[in-house]
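To keep things clear, I will list the structure first and then write my remarks on it.
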Amino acid sequence: ERGELESIFQKYSFDTVFHLVTNPTVHSGVKDPGLDVNKTFLATFFVLECMRAHGVKEIVFFSSPAVYGNQVNLMREDMGPLFPISPLGATKLSAEILISSFSRMYGMNSVIIRPPNVTGERGTHGVVFDFINKLKADSTKLVILGDGKQEKPYIYVKDLIGGVLFIWKNIHEPFNLFNIAPHDDAITVSRIAEIIAEEMGLKNTIFEYTGGSGGWPGDVPKYRYDASKLRQLGWQTSFNSEEAIRMAAERQLLFLKENI
């Protein structure tokens, strides 16, 4: 809420805003597009307005691969025009444009980060979290949305944090835009299911598919990132998509066990 933001800016003094507030899933925004308008676009506008009013001159914004829409080629920061296919993608792209305008109009430095799917041991949603919970409820069968051939890049959360901090410390332009992901790498949903079953010690689980190329309306079934711009800056991910998924599954299972 804008009032809460204003009170934070009045109470504390800081130089940089790391803006992560958003509607976290595409499919929830498809059911209620107002979620994305309020939690992504308007939230970003309120943050920028508070920054302008209180003289805070730097923002790091977490965007989404959804801004690219359906792309056959590697997703590059300079490709366009962009035509998102979901409310999340549309409002993230709108928020990027808003940040660009504030950056140039009010002398702010801005960094826009476009991460892929993020995974880690304390996830509260997403494919690793969902598959683990489904298999804990019934280890004999796993229902998978789509045809299992959806193929996307994943980044381990600590890798993402390291990359973001590297960018933040090493950029020198007023407006900056970076993909942050394993370069030209992806993993299928079926392979993710296999890894999680392996980590849970399951050998006879049956995978059932709901069918269709995408898991839900607005889903982009396949994409890969061109991360060469970030590599040229001097950083790349420590783990590829499969390694990130396996690490997240292993540590999430351990985390759940320790907190039973």
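Just so we're on the same page: first chain in the structure tokens is A, next is B, and so on; residues restart at 1 for each chain, and ligands are numbered from 1 in the order they show up.
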
**OP:** Going by DSSP on the backbone, which bits of region 21-210 of chain A are strand (DSSP E or B)? Write them as a PyMOL selection string, please.
**Re:** chain A and resi 58-62+75+109-114+117-119+141-144+146+151-152+154-156+175-179+187-188+206-209

Subject >> Neighbour list for region 95-106 of chain A as a PyMOL selection string, cut-off 9 Å, only C-alpha atoms, skip fewer than 4 positions in-chain >> reply: chain A and resi 40-42+44-45+48-49+52+57-59+61+63+90-91+110+112+174-175

Original post:
Just asking: which residues within region 101-251 of chain A are helix (DSSP H, G or I) according to DSSP, as a PyMOL selection string?
Top reply: chain A and resi 101-106+127-137+157-170+189-199+228-233+241-251

Go ahead and dump the residues you just picked, C-alpha atoms, as a JSON list (two decimals), in the first residue's frame.
[["chain", "number", "residue", "atom", "x", "y", "z"],
["A", 101, "SER", "CA", 11.06, 7.15, -17.69],
["A", 102, "PHE", "CA", 11.67, 7.95, -14.01],
["A", 103, "SER", "CA", 15.35, 7.15, -14.43],
["A", 104, "ARG", "CA", 15.76, 9.64, -17.24],
["A", 105, "MET", "CA", 13.36, 12.28, -15.96],
["A", 106, "TYR", "CA", 14.44, 12.39, -12.31],
["A", 127, "VAL", "CA", 7.53, -26.89, -9.69],
["A", 128, "VAL", "CA", 9.96, -28.29, -7.08],
["A", 129, "PHE", "CA", 7.71, -27.31, -4.18],
["A", 130, "ASP", "CA", 4.59, -28.62, -5.93],
["A", 131, "PHE", "CA", 6.10, -31.94, -7.02],
["A", 132, "ILE", "CA", 7.55, -32.68, -3.59],
["A", 133, "ASN", "CA", 4.23, -32.02, -1.89],
["A", 134, "LYS", "CA", 2.29, -34.08, -4.43],
["A", 135, "LEU", "CA", 4.67, -37.02, -4.02],
["A", 136, "LYS", "CA", 4.60, -36.78, -0.24],
["A", 137, "ALA", "CA", 0.81, -37.11, -0.45],
["A", 157, "VAL", "CA", 18.36, -18.61, -5.55],
["A", 158, "LYS", "CA", 21.83, -18.04, -4.06],
["A", 159, "ASP", "CA", 23.25, -17.88, -7.58],
["A", 160, "LEU", "CA", 20.67, -15.22, -8.41],
["A", 161, "ILE", "CA", 21.57, -13.13, -5.37],
["A", 162, "GLY", "CA", 25.26, -13.34, -6.22],
["A", 163, "GLY", "CA", 24.61, -12.26, -9.79],
["A", 164, "VAL", "CA", 22.39, -9.36, -8.81],
["A", 165, "LEU", "CA", 24.94, -8.02, -6.33],
["A", 166, "PHE", "CA", 27.69, -8.37, -8.94],
["A", 167, "ILE", "CA", 25.67, -6.36, -11.47],
["A", 168, "TRP", "CA", 24.75, -3.74, -8.89],
["A", 169, "LYS", "CA", 28.39, -3.22, -7.89],
["A", 170, "ASN", "CA", 29.81, -3.20, -11.41],
["A", 189, "VAL", "CA", 9.34, -30.63, -16.68],
["A", 190, "SER", "CA", 9.59, -34.41, -17.10],
["A", 191, "ARG", "CA", 13.27, -34.32, -16.21],
["A", 192, "ILE", "CA", 12.47, -32.22, -13.14],
["A", 193, "ALA", "CA", 9.95, -34.88, -12.07],
["A", 194, "GLU", "CA", 12.57, -37.60, -12.53],
["A", 195, "ILE", "CA", 15.13, -35.70, -10.43],
["A", 196, "ILE", "CA", 12.69, -35.12, -7.58],
["A", 197, "ALA", "CA", 11.61, -38.77, -7.59],
["A", 198, "GLU", "CA", 15.28, -39.76, -7.46],
["A", 199, "GLU", "CA", 15.99, -37.43, -4.56],
["A", 228, "SER", "CA", 26.19, -13.20, -22.98],
["A", 229, "LYS", "CA", 25.81, -9.56, -21.88],
["A", 230, "LEU", "CA", 26.26, -10.54, -18.23],
["A", 231, "ARG", "CA", 29.10, -12.91, -19.10],
["A", 232, "GLN", "CA", 30.89, -10.05, -20.84],
["A", 233, "LEU", "CA", 30.52, -8.03, -17.65],
["A", 241, "SER", "CA", 19.34, -25.65, -14.76],
["A", 242, "GLU", "CA", 19.54, -29.35, -13.89],
["A", 243, "GLU", "CA", 22.08, -28.74, -11.13],
["A", 244, "ALA", "CA", 19.91, -25.94, -9.72],
["A", 245, "ILE", "CA", 16.83, -28.19, -9.65],
["A", 246, "ARG", "CA", 18.67, -31.09, -8.03],
["A", 247, "MET", "CA", 20.22, -28.86, -5.39],
["A", 248, "ALA", "CA", 16.88, -27.22, -4.62],
["A", 249, "ALA", "CA", 15.11, -30.60, -4.34],
["A", 250, "GLU", "CA", 17.82, -32.09, -2.12],
["A", 251, "ARG", "CA", 17.92, -29.09, 0.21]]
